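Shown next: input24.pdb, given as PDB, C-alpha atoms and all ligand atoms.
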```pdb
MODEL        1
ATOM      1  CA  MET A 215     -23.412  -6.875 -25.021  1.00  0.00           C
ATOM      2  CA  LYS A 216     -22.791  -9.982 -22.935  1.00  0.00           C
ATOM      3  CA  GLN A 217     -19.849 -10.284 -20.535  1.00  0.00           C
ATOM      4  CA  LYS A 218     -18.369 -13.112 -22.603  1.00  0.00           C
ATOM      5  CA  GLU A 219     -18.405 -10.950 -25.744  1.00  0.00           C
ATOM      6  CA  LEU A 220     -16.872  -8.013 -23.902  1.00  0.00           C
ATOM      7  CA  LEU A 221     -14.036 -10.170 -22.576  1.00  0.00           C
ATOM      8  CA  ALA A 222     -13.402 -11.526 -26.065  1.00  0.00           C
ATOM      9  CA  LEU A 223     -13.175  -7.964 -27.359  1.00  0.00           C
ATOM     10  CA  ALA A 224     -10.792  -6.979 -24.561  1.00  0.00           C
ATOM     11  CA  ARG A 225      -8.448  -9.789 -25.631  1.00  0.00           C
ATOM     12  CA  ASN A 226      -8.571  -8.820 -29.295  1.00  0.00           C
ATOM     13  CA  THR A 227      -5.566  -6.668 -30.217  1.00  0.00           C
ATOM     14  CA  ASN A 228      -6.507  -6.309 -33.878  1.00  0.00           C
ATOM     15  CA  THR A 229      -7.372  -2.612 -34.254  1.00  0.00           C
ATOM     16  CA  SER A 230      -9.387  -3.088 -37.460  1.00  0.00           C
ATOM     17  CA  ASP A 231     -11.605  -5.663 -35.759  1.00  0.00           C
ATOM     18  CA  LEU A 232     -12.155  -3.345 -32.821  1.00  0.00           C
ATOM     19  CA  ILE A 233     -12.995  -0.367 -35.033  1.00  0.00           C
ATOM     20  CA  ARG A 234     -15.499  -2.469 -36.979  1.00  0.00           C
ATOM     21  CA  GLU A 235     -17.121  -3.717 -33.770  1.00  0.00           C
ATOM     22  CA  ALA A 236     -17.241  -0.202 -32.289  1.00  0.00           C
ATOM     23  CA  SER A 237     -18.928   1.093 -35.461  1.00  0.00           C
ATOM     24  CA  VAL A 238     -21.632  -1.577 -35.261  1.00  0.00           C
ATOM     25  CA  ILE A 239     -22.345  -0.742 -31.593  1.00  0.00           C
ATOM     26  CA  ARG A 240     -22.419   3.004 -32.337  1.00  0.00           C
ATOM     27  CA  ASP A 241     -24.755   2.571 -35.301  1.00  0.00           C
ATOM     28  CA  LYS A 242     -27.121   0.414 -33.259  1.00  0.00           C
ATOM     29  CA  GLY A 243     -27.385   3.102 -30.605  1.00  0.00           C
ATOM     30  CA  TYR A 244     -27.244   6.380 -32.527  1.00  0.00           C
ATOM     31  CA  GLY A 245     -27.258   5.694 -36.265  1.00  0.00           C
ATOM     32  CA  SER A 246     -25.663   8.568 -38.139  1.00  0.00           C
ATOM     33  CA  LEU A 247     -26.591  11.198 -35.553  1.00  0.00           C
ATOM     34  CA  VAL A 248     -23.657  13.458 -34.636  1.00  0.00           C
ATOM     35  CA  THR A 249     -23.990  15.620 -31.544  1.00  0.00           C
ATOM     36  CA  TYR A 250     -21.809  18.418 -30.269  1.00  0.00           C
ATOM     37  CA  SER A 251     -21.763  20.887 -27.452  1.00  0.00           C
ATOM     38  CA  PRO A 252     -21.052  24.532 -28.324  1.00  0.00           C
ATOM     39  CA  LYS A 253     -18.578  25.630 -25.693  1.00  0.00           C
ATOM     40  CA  VAL A 254     -16.160  28.356 -24.750  1.00  0.00           C
ATOM     41  CA  PHE A 255     -12.644  27.515 -23.623  1.00  0.00           C
ATOM     42  CA  ILE A 256     -11.640  29.331 -20.454  1.00  0.00           C
ATOM     43  CA  PRO A 257      -7.870  29.047 -19.945  1.00  0.00           C
ATOM     44  CA  LEU A 258      -7.816  29.851 -16.238  1.00  0.00           C
ATOM     45  CA  THR A 259      -4.030  29.453 -16.212  1.00  0.00           C
ATOM     46  CA  HIS A 260      -1.451  28.361 -18.774  1.00  0.00           C
ATOM     47  CA  LEU A 261       1.011  27.449 -16.037  1.00  0.00           C
ATOM     48  CA  CYS A 262       1.494  23.760 -15.309  1.00  0.00           C
ATOM     49  CA  ARG A 263       3.729  21.714 -13.073  1.00  0.00           C
ATOM     50  CA  ASP A 264       4.158  19.035 -15.744  1.00  0.00           C
ATOM     51  CA  VAL A 265       6.296  18.941 -18.869  1.00  0.00           C
ATOM     52  CA  CYS A 266       4.493  16.895 -21.531  1.00  0.00           C
ATOM     53  CA  HIS A 267       6.638  17.323 -24.615  1.00  0.00           C
ATOM     54  CA  TYR A 268       3.765  17.340 -27.076  1.00  0.00           C
ATOM     55  CA  CYS A 269       1.878  20.046 -25.152  1.00  0.00           C
ATOM     56  CA  THR A 270       1.190  23.353 -26.872  1.00  0.00           C
ATOM     57  CA  PHE A 271      -0.958  24.723 -24.055  1.00  0.00           C
ATOM     58  CA  ALA A 272       1.366  25.092 -21.070  1.00  0.00           C
ATOM     59  CA  LYS A 273       3.604  28.155 -20.891  1.00  0.00           C
ATOM     60  CA  THR A 274       6.314  29.332 -18.511  1.00  0.00           C
ATOM     61  CA  PRO A 275       5.789  32.478 -16.402  1.00  0.00           C
ATOM     62  CA  LYS A 276       8.007  34.511 -18.733  1.00  0.00           C
ATOM     63  CA  ARG A 277       5.700  33.846 -21.671  1.00  0.00           C
ATOM     64  CA  ILE A 278       2.432  34.944 -20.102  1.00  0.00           C
ATOM     65  CA  SER A 279       1.107  38.350 -19.169  1.00  0.00           C
ATOM     66  CA  SER A 280      -0.769  37.130 -16.088  1.00  0.00           C
ATOM     67  CA  PRO A 281      -0.586  33.837 -14.152  1.00  0.00           C
ATOM     68  CA  TYR A 282      -4.385  33.479 -13.809  1.00  0.00           C
ATOM     69  CA  MET A 283      -7.467  34.929 -15.432  1.00  0.00           C
ATOM     70  CA  SER A 284      -9.370  37.063 -12.943  1.00  0.00           C
ATOM     71  CA  VAL A 285     -12.901  36.033 -11.973  1.00  0.00           C
ATOM     72  CA  GLU A 286     -14.155  39.120 -13.819  1.00  0.00           C
ATOM     73  CA  GLU A 287     -12.407  38.000 -17.007  1.00  0.00           C
ATOM     74  CA  VAL A 288     -13.840  34.505 -16.624  1.00  0.00           C
ATOM     75  CA  VAL A 289     -17.378  35.806 -16.198  1.00  0.00           C
ATOM     76  CA  ASP A 290     -16.982  38.279 -19.050  1.00  0.00           C
ATOM     77  CA  SER A 291     -15.774  35.537 -21.374  1.00  0.00           C
ATOM     78  CA  ALA A 292     -18.603  33.211 -20.296  1.00  0.00           C
ATOM     79  CA  LYS A 293     -21.261  35.893 -20.811  1.00  0.00           C
ATOM     80  CA  ARG A 294     -20.017  36.736 -24.295  1.00  0.00           C
ATOM     81  CA  ALA A 295     -19.953  33.039 -25.176  1.00  0.00           C
ATOM     82  CA  GLU A 296     -23.483  32.606 -23.878  1.00  0.00           C
ATOM     83  CA  ALA A 297     -24.667  35.486 -26.047  1.00  0.00           C
ATOM     84  CA  LEU A 298     -23.142  33.659 -29.032  1.00  0.00           C
ATOM     85  CA  GLY A 299     -25.039  30.446 -28.245  1.00  0.00           C
ATOM     86  CA  CYS A 300     -22.548  28.458 -26.175  1.00  0.00           C
ATOM     87  CA  LYS A 301     -23.915  25.966 -23.658  1.00  0.00           C
ATOM     88  CA  GLU A 302     -20.768  24.915 -21.871  1.00  0.00           C
ATOM     89  CA  ALA A 303     -17.788  26.613 -20.194  1.00  0.00           C
ATOM     90  CA  LEU A 304     -14.727  24.414 -20.525  1.00  0.00           C
ATOM     91  CA  PHE A 305     -12.095  25.352 -17.964  1.00  0.00           C
ATOM     92  CA  THR A 306      -8.736  24.415 -19.439  1.00  0.00           C
ATOM     93  CA  LEU A 307      -5.729  24.759 -17.176  1.00  0.00           C
ATOM     94  CA  GLY A 308      -2.388  23.334 -16.221  1.00  0.00           C
ATOM     95  CA  GLU A 309      -2.008  20.925 -13.347  1.00  0.00           C
ATOM     96  CA  ARG A 310      -1.198  22.394  -9.906  1.00  0.00           C
ATOM     97  CA  PRO A 311       1.187  25.096 -11.161  1.00  0.00           C
ATOM     98  CA  GLU A 312       1.701  26.294  -7.583  1.00  0.00           C
ATOM     99  CA  LEU A 313       3.852  23.217  -6.952  1.00  0.00           C
ATOM    100  CA  ARG A 314       6.338  24.385  -9.557  1.00  0.00           C
ATOM    101  CA  TYR A 315       6.153  28.167  -9.889  1.00  0.00           C
ATOM    102  CA  SER A 316       6.481  30.839  -7.195  1.00  0.00           C
ATOM    103  CA  THR A 317       4.633  33.114  -9.660  1.00  0.00           C
ATOM    104  CA  ALA A 318       1.573  30.915  -9.293  1.00  0.00           C
ATOM    105  CA  ARG A 319       1.888  30.677  -5.505  1.00  0.00           C
ATOM    106  CA  LYS A 320       2.188  34.442  -5.160  1.00  0.00           C
ATOM    107  CA  ALA A 321      -0.723  35.128  -7.494  1.00  0.00           C
ATOM    108  CA  LEU A 322      -2.951  32.684  -5.635  1.00  0.00           C
ATOM    109  CA  SER A 323      -1.894  34.072  -2.281  1.00  0.00           C
ATOM    110  CA  SER A 324      -2.654  37.650  -3.380  1.00  0.00           C
ATOM    111  CA  MET A 325      -6.205  36.498  -4.219  1.00  0.00           C
ATOM    112  CA  GLY A 326      -6.584  34.621  -0.915  1.00  0.00           C
ATOM    113  CA  TYR A 327      -6.054  31.035  -2.133  1.00  0.00           C
ATOM    114  CA  THR A 328      -3.370  28.407  -1.678  1.00  0.00           C
ATOM    115  CA  THR A 329      -4.222  26.062  -4.528  1.00  0.00           C
ATOM    116  CA  THR A 330      -5.365  26.380  -8.117  1.00  0.00           C
ATOM    117  CA  LEU A 331      -8.200  23.958  -7.390  1.00  0.00           C
ATOM    118  CA  GLU A 332      -9.571  26.287  -4.694  1.00  0.00           C
ATOM    119  CA  TYR A 333      -9.513  29.148  -7.156  1.00  0.00           C
ATOM    120  CA  LEU A 334     -11.031  27.003  -9.890  1.00  0.00           C
ATOM    121  CA  LYS A 335     -13.984  26.254  -7.629  1.00  0.00           C
ATOM    122  CA  VAL A 336     -14.632  29.958  -7.096  1.00  0.00           C
ATOM    123  CA  ALA A 337     -14.272  30.759 -10.812  1.00  0.00           C
ATOM    124  CA  SER A 338     -16.620  27.937 -11.759  1.00  0.00           C
ATOM    125  CA  GLN A 339     -19.185  29.057  -9.182  1.00  0.00           C
ATOM    126  CA  ALA A 340     -19.008  32.552 -10.682  1.00  0.00           C
ATOM    127  CA  VAL A 341     -19.919  31.124 -14.106  1.00  0.00           C
ATOM    128  CA  ILE A 342     -22.896  29.310 -12.560  1.00  0.00           C
ATOM    129  CA  ASP A 343     -24.009  32.455 -10.726  1.00  0.00           C
ATOM    130  CA  ASN A 344     -23.764  34.715 -13.747  1.00  0.00           C
ATOM    131  CA  THR A 345     -24.699  32.579 -16.751  1.00  0.00           C
ATOM    132  CA  GLU A 346     -26.658  29.493 -17.795  1.00  0.00           C
ATOM    133  CA  LEU A 347     -23.499  27.761 -19.012  1.00  0.00           C
ATOM    134  CA  LEU A 348     -22.555  24.340 -17.656  1.00  0.00           C
ATOM    135  CA  PRO A 349     -18.974  24.322 -16.348  1.00  0.00           C
ATOM    136  CA  HIS A 350     -16.708  21.442 -17.354  1.00  0.00           C
ATOM    137  CA  LEU A 351     -13.429  21.290 -15.406  1.00  0.00           C
ATOM    138  CA  ASN A 352     -10.159  19.917 -16.745  1.00  0.00           C
ATOM    139  CA  PRO A 353      -7.500  20.604 -14.080  1.00  0.00           C
ATOM    140  CA  GLY A 354      -5.373  17.442 -14.327  1.00  0.00           C
ATOM    141  CA  CYS A 355      -5.056  14.657 -11.781  1.00  0.00           C
ATOM    142  CA  MET A 356      -7.156  14.966  -8.661  1.00  0.00           C
ATOM    143  CA  SER A 357      -7.775  12.925  -5.538  1.00  0.00           C
ATOM    144  CA  LEU A 358     -11.263  11.632  -4.831  1.00  0.00           C
ATOM    145  CA  LYS A 359     -11.599  14.290  -2.117  1.00  0.00           C
ATOM    146  CA  GLU A 360     -10.755  17.030  -4.610  1.00  0.00           C
ATOM    147  CA  ILE A 361     -13.169  15.654  -7.195  1.00  0.00           C
ATOM    148  CA  LEU A 362     -15.947  15.620  -4.596  1.00  0.00           C
ATOM    149  CA  GLU A 363     -15.012  19.166  -3.602  1.00  0.00           C
ATOM    150  CA  LEU A 364     -15.466  20.401  -7.183  1.00  0.00           C
ATOM    151  CA  ARG A 365     -18.509  18.310  -7.973  1.00  0.00           C
ATOM    152  CA  PRO A 366     -21.117  20.872  -6.809  1.00  0.00           C
ATOM    153  CA  VAL A 367     -19.727  23.460  -9.238  1.00  0.00           C
ATOM    154  CA  SER A 368     -19.292  21.305 -12.336  1.00  0.00           C
ATOM    155  CA  ALA A 369     -21.491  19.447 -14.775  1.00  0.00           C
ATOM    156  CA  SER A 370     -18.572  17.191 -15.673  1.00  0.00           C
ATOM    157  CA  MET A 371     -14.822  16.872 -15.196  1.00  0.00           C
ATOM    158  CA  GLY A 372     -11.953  15.547 -17.280  1.00  0.00           C
ATOM    159  CA  MET A 373      -8.625  14.156 -16.212  1.00  0.00           C
ATOM    160  CA  MET A 374      -5.315  14.067 -18.068  1.00  0.00           C
ATOM    161  CA  LEU A 375      -4.388  10.458 -17.541  1.00  0.00           C
ATOM    162  CA  GLU A 376      -0.944  10.784 -19.072  1.00  0.00           C
ATOM    163  CA  SER A 377       0.251  12.306 -15.805  1.00  0.00           C
ATOM    164  CA  SER A 378      -1.337   9.531 -13.719  1.00  0.00           C
ATOM    165  CA  SER A 379       0.786   6.664 -15.032  1.00  0.00           C
ATOM    166  CA  LYS A 380       2.311   4.993 -11.970  1.00  0.00           C
ATOM    167  CA  ARG A 381       5.071   3.507 -14.081  1.00  0.00           C
ATOM    168  CA  PHE A 382       6.003   6.907 -15.497  1.00  0.00           C
ATOM    169  CA  CYS A 383       5.800   8.701 -12.142  1.00  0.00           C
ATOM    170  CA  MET A 384       7.857   6.018 -10.411  1.00  0.00           C
ATOM    171  CA  ILE A 385      10.708   6.301 -12.914  1.00  0.00           C
ATOM    172  CA  ARG A 386      10.432  10.086 -13.034  1.00  0.00           C
ATOM    173  CA  HIS A 387      10.661  10.417  -9.261  1.00  0.00           C
ATOM    174  CA  PHE A 388      13.562   8.019  -9.219  1.00  0.00           C
ATOM    175  CA  SER A 389      15.354  10.048 -11.875  1.00  0.00           C
ATOM    176  CA  VAL A 390      14.877  13.267  -9.902  1.00  0.00           C
ATOM    177  CA  LEU A 391      16.133  11.734  -6.646  1.00  0.00           C
ATOM    178  CA  PHE A 392      19.002  10.009  -8.402  1.00  0.00           C
ATOM    179  CA  GLY A 393      19.927  13.229 -10.182  1.00  0.00           C
ATOM    180  CA  PHE A 394      20.037  15.167  -6.928  1.00  0.00           C
ATOM    181  CA  LYS A 395      22.218  12.600  -5.215  1.00  0.00           C
ATOM    182  CA  ILE A 396      24.737  11.755  -7.900  1.00  0.00           C
ATOM    183  CA  LEU A 397      25.223  15.207  -9.324  1.00  0.00           C
ATOM    184  CA  ASN A 398      25.367  16.937  -5.983  1.00  0.00           C
ATOM    185  CA  ASN A 399      22.864  19.626  -6.922  1.00  0.00           C
ATOM    186  CA  HIS A 400      24.856  20.881  -9.862  1.00  0.00           C
ATOM    187  CA  PHE A 401      22.018  22.698 -11.588  1.00  0.00           C
ATOM    188  CA  LEU A 402      23.029  22.444 -15.228  1.00  0.00           C
ATOM    189  CA  ASN A 403      24.094  18.809 -15.113  1.00  0.00           C
ATOM    190  CA  MET A 404      21.026  17.913 -13.131  1.00  0.00           C
ATOM    191  CA  THR A 405      18.716  19.607 -15.624  1.00  0.00           C
ATOM    192  CA  ILE A 406      20.290  17.780 -18.556  1.00  0.00           C
ATOM    193  CA  PHE A 407      20.163  14.546 -16.625  1.00  0.00           C
ATOM    194  CA  ILE A 408      16.480  14.885 -15.762  1.00  0.00           C
ATOM    195  CA  MET A 409      15.554  15.975 -19.281  1.00  0.00           C
ATOM    196  CA  ALA A 410      17.308  12.924 -20.715  1.00  0.00           C
ATOM    197  CA  PHE A 411      15.579  10.611 -18.255  1.00  0.00           C
ATOM    198  CA  SER A 412      12.244  12.266 -18.848  1.00  0.00           C
ATOM    199  CA  TYR A 413      12.638  11.866 -22.619  1.00  0.00           C
ATOM    200  CA  ILE A 414      13.543   8.188 -22.332  1.00  0.00           C
ATOM    201  CA  ASN A 415      10.720   7.587 -19.860  1.00  0.00           C
ATOM    202  CA  GLN A 416       8.142   9.138 -22.131  1.00  0.00           C
ATOM    203  CA  ARG A 417       9.335   7.158 -25.121  1.00  0.00           C
ATOM    204  CA  LEU A 418       9.232   3.988 -22.990  1.00  0.00           C
ATOM    205  CA  ASP A 419       5.786   4.855 -21.738  1.00  0.00           C
ATOM    206  CA  SER A 420       4.442   5.111 -25.237  1.00  0.00           C
ATOM    207  CA  LEU A 421       6.147   1.907 -26.393  1.00  0.00           C
ATOM    208  CA  LEU A 422       5.200  -0.345 -23.509  1.00  0.00           C
ATOM    209  CA  PRO A 423       1.729  -1.903 -23.669  1.00  0.00           C
ATOM    210  CA  GLY A 424      -0.878  -0.298 -21.437  1.00  0.00           C
ATOM    211  CA  PHE A 425      -3.832   2.016 -21.424  1.00  0.00           C
ATOM    212  CA  THR A 426      -3.036   5.498 -22.637  1.00  0.00           C
ATOM    213  CA  TYR A 427      -5.414   8.393 -22.993  1.00  0.00           C
ATOM    214  CA  THR A 428      -4.476  11.733 -24.470  1.00  0.00           C
ATOM    215  CA  ASN A 429      -6.740  14.730 -24.186  1.00  0.00           C
TER     216      ASN A 429
HETATM  217  S1  LIG B 501      -0.414  18.163 -17.895  1.00  0.00           S
HETATM  218 FE1  LIG B 501      -1.664  19.033 -19.585  1.00  0.00          FE
HETATM  219  S2  LIG B 501      -1.249  21.266 -19.541  1.00  0.00           S
HETATM  220 FE2  LIG B 501       0.336  20.272 -18.313  1.00  0.00          FE
HETATM  221  S3  LIG B 501       2.065  20.014 -19.718  1.00  0.00           S
HETATM  222 FE3  LIG B 501       0.873  18.098 -19.749  1.00  0.00          FE
HETATM  223  S4  LIG B 501      -0.626  18.303 -21.421  1.00  0.00           S
HETATM  224 FE4  LIG B 501       0.228  20.366 -20.971  1.00  0.00          FE
ENDMDL
END
```
Would you mind writing the file's structure down as structure tokens?
Ligand code: SF4
Amino acid sequence: MKQKELLALARNTNTSDLIREASVIRDKGYGSLVTYSPKVFIPLTHLCRDVCHYCTFAKTPKRISSPYMSVEEVVDSAKRAEALGCKEALFTLGERPELRYSTARKALSSMGYTTTLEYLKVASQAVIDNTELLPHLNPGCMSLKEILELRPVSASMGMMLESSSKRFCMIRHFSVLFGFKILNNHFLNMTIFIMAFSYINQRLDSLLPGFTYTN
């Protein structure tokens, strides 16, 4: 597709037009072929520092039996999946739970790590060492340095872009700082205040125009 055509598409806000155009491009390339990758989900940890209100994955420490899967559990799960024909190990996990929960910090520390990403690297390496599965990592937002750090142990990585919105983070951080200052650390009031701000921010984020990706 030529640059001029791509730019014209980018300016087109008519969803039906875009769907039609996307279908034509897909059919030209792949016809009716549908591919899929048999994979096993490996929920390394259900803890997450974020609070996305639609999320059904993240749990609080009280609602889980263990903060992290052990490496042995990861390998066991991967081996059983491989025996069933899986080709990929999809590490699903919350984003940097150690920044929010002491439970996560303590669990990591007891295993000799300070961050979930460090532990993820070891767990992913264990899958490579013990199976033929290709690890795919989905640990939330990462810096370029962190992505490069995990690259040798992953076939691919995914990122939850909803937590990378600068507009959302800016307002959220403002609401937290503002809440601390005005309410003088009164825990209950502050919690209600932040929840209200967070709710409004998320609604605003979805209403304002911009690129949004949901995994
Ligand atoms: S960042 Fe992901 S895991 Fe964490 S709360 Fe949001 S959707 Fe759930």
(request) Could the residues that lie within 6 Å of ligand LIG 501 (chain B), counting only C-alpha atoms and all ligand atoms, be listed as a PyMOL selection string? (result) chain A and resi 262+264-266+269+271-272+308-309
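Shortest separation to Glu286 of chain A among A:Leu348, A:Ile342, A:Val254, A:Ala337 occurs at residue A:Ala337, atoms counted being only C-alpha atoms.
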Given the file shown, enumerate the residues that the PyMOL selection byres (((chain A and resi 282) around 12) and not hetatm) captures and present them as a PDB file with C-alpha atoms, in the frame of the given file.
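Dumped everything to result06.pdb:
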```
ATOM      1  CA  ILE A 256     -11.640  29.331 -20.454  1.00  0.00           C
ATOM      2  CA  PRO A 257      -7.870  29.047 -19.945  1.00  0.00           C
ATOM      3  CA  LEU A 258      -7.816  29.851 -16.238  1.00  0.00           C
ATOM      4  CA  THR A 259      -4.030  29.453 -16.212  1.00  0.00           C
ATOM      5  CA  HIS A 260      -1.451  28.361 -18.774  1.00  0.00           C
ATOM      6  CA  LEU A 261       1.011  27.449 -16.037  1.00  0.00           C
ATOM      7  CA  CYS A 262       1.494  23.760 -15.309  1.00  0.00           C
ATOM      8  CA  LYS A 273       3.604  28.155 -20.891  1.00  0.00           C
ATOM      9  CA  PRO A 275       5.789  32.478 -16.402  1.00  0.00           C
ATOM     10  CA  ILE A 278       2.432  34.944 -20.102  1.00  0.00           C
ATOM     11  CA  SER A 279       1.107  38.350 -19.169  1.00  0.00           C
ATOM     12  CA  SER A 280      -0.769  37.130 -16.088  1.00  0.00           C
ATOM     13  CA  PRO A 281      -0.586  33.837 -14.152  1.00  0.00           C
ATOM     14  CA  MET A 283      -7.467  34.929 -15.432  1.00  0.00           C
ATOM     15  CA  SER A 284      -9.370  37.063 -12.943  1.00  0.00           C
ATOM     16  CA  VAL A 285     -12.901  36.033 -11.973  1.00  0.00           C
ATOM     17  CA  GLU A 286     -14.155  39.120 -13.819  1.00  0.00           C
ATOM     18  CA  GLU A 287     -12.407  38.000 -17.007  1.00  0.00           C
ATOM     19  CA  VAL A 288     -13.840  34.505 -16.624  1.00  0.00           C
ATOM     20  CA  PHE A 305     -12.095  25.352 -17.964  1.00  0.00           C
ATOM     21  CA  THR A 306      -8.736  24.415 -19.439  1.00  0.00           C
ATOM     22  CA  LEU A 307      -5.729  24.759 -17.176  1.00  0.00           C
ATOM     23  CA  GLY A 308      -2.388  23.334 -16.221  1.00  0.00           C
ATOM     24  CA  PRO A 311       1.187  25.096 -11.161  1.00  0.00           C
ATOM     25  CA  GLU A 312       1.701  26.294  -7.583  1.00  0.00           C
ATOM     26  CA  THR A 317       4.633  33.114  -9.660  1.00  0.00           C
ATOM     27  CA  ALA A 318       1.573  30.915  -9.293  1.00  0.00           C
ATOM     28  CA  ARG A 319       1.888  30.677  -5.505  1.00  0.00           C
ATOM     29  CA  LYS A 320       2.188  34.442  -5.160  1.00  0.00           C
ATOM     30  CA  ALA A 321      -0.723  35.128  -7.494  1.00  0.00           C
ATOM     31  CA  LEU A 322      -2.951  32.684  -5.635  1.00  0.00           C
ATOM     32  CA  SER A 323      -1.894  34.072  -2.281  1.00  0.00           C
ATOM     33  CA  SER A 324      -2.654  37.650  -3.380  1.00  0.00           C
ATOM     34  CA  MET A 325      -6.205  36.498  -4.219  1.00  0.00           C
ATOM     35  CA  THR A 329      -4.222  26.062  -4.528  1.00  0.00           C
ATOM     36  CA  THR A 330      -5.365  26.380  -8.117  1.00  0.00           C
ATOM     37  CA  TYR A 333      -9.513  29.148  -7.156  1.00  0.00           C
ATOM     38  CA  LEU A 334     -11.031  27.003  -9.890  1.00  0.00           C
ATOM     39  CA  ALA A 337     -14.272  30.759 -10.812  1.00  0.00           C
TER      40      ALA A 337
END
```
(message) Which residues are close to Met215 of chain A, i.e. within 12 Å by only C-alpha atoms, leaving aside same-chain residues fewer than 6 positions away? Reply as a PyMOL selection string.
(response) chain A and resi 221-223+235-236+238-239+242
(message) Can you tell me which residues surround Glu363 of chain A at a distance of at most 10 Å, considering all atoms listed in the file, apart from same-chain residues fewer than 5 positions away, and format the answer as a PyMOL selection string?
(response) chain A and resi 331-332+335+357-358+368
Based on the selection just made, write C-alpha atoms of those residues as an mmCIF file, in the frame of the given file.
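Dumped everything to part-v2.cif:
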```
data_model
loop_
_atom_site.group_PDB
_atom_site.id
_atom_site.type_symbol
_atom_site.label_atom_id
_atom_site.label_comp_id
_atom_site.auth_asym_id
_atom_site.auth_seq_id
_atom_site.Cartn_x
_atom_site.Cartn_y
_atom_site.Cartn_z
ATOM 1 C CA LEU A 331 -8.200 23.958 -7.390
ATOM 2 C CA GLU A 332 -9.571 26.287 -4.694
ATOM 3 C CA LYS A 335 -13.984 26.254 -7.629
ATOM 4 C CA SER A 357 -7.775 12.925 -5.538
ATOM 5 C CA LEU A 358 -11.263 11.632 -4.831
ATOM 6 C CA SER A 368 -19.292 21.305 -12.336
#
```
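Of the residues under consideration (A:Gly354, A:Pro349, A:Gly245, A:Pro366), A:Pro349 shows the shortest atom-to-atom contact distance to Leu304 of chain A when counting all atoms listed in the file.
Closest approach to Ala369 of chain A from the set A:Ser237, A:Thr227, A:Thr274, A:Ser338 is made by A:Ser338, with distances taken over all atoms listed in the file.
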(request) List the neighbours of Arg365 of chain A out to 10 Å using only C-alpha atoms; skip same-chain residues closer than 6 positions along the sequence, and give me the result as JSON, numbers by chain. (result) {"A": [335, 351, 359, 371]}
Convert the current residue selection to file output with C-alpha atoms, as a JSON list (two decimals), in the coordinates of the input.
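And here's again-v8.json as it stands now:
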```json
[["chain", "number", "residue", "atom", "x", "y", "z"],
["A", 335, "LYS", "CA", -13.98, 26.25, -7.63],
["A", 351, "LEU", "CA", -13.43, 21.29, -15.41],
["A", 359, "LYS", "CA", -11.60, 14.29, -2.12],
["A", 371, "MET", "CA", -14.82, 16.87, -15.20]]
```
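When all atoms listed in the file are used to compute distances to Arg263 of chain A, the closest of the residues A:Met373, A:Val289, A:Met356, A:Leu313 turns out to be A:Leu313.
Nearest to Gln339 of chain A of all the residues A:Asp290, A:Ala224, A:Arg240, A:Leu364 is A:Leu364, based on all atoms listed in the file.
Taking atom CA of Glu346 of chain A and atom CA of Cys300 of chain A as the two end points, the separation is 9.4 Å.
Closest approach to Lys301 of chain A among A:Gly243, A:Gly372, A:Pro353, A:Pro252: A:Pro252, based on all atoms listed in the file.
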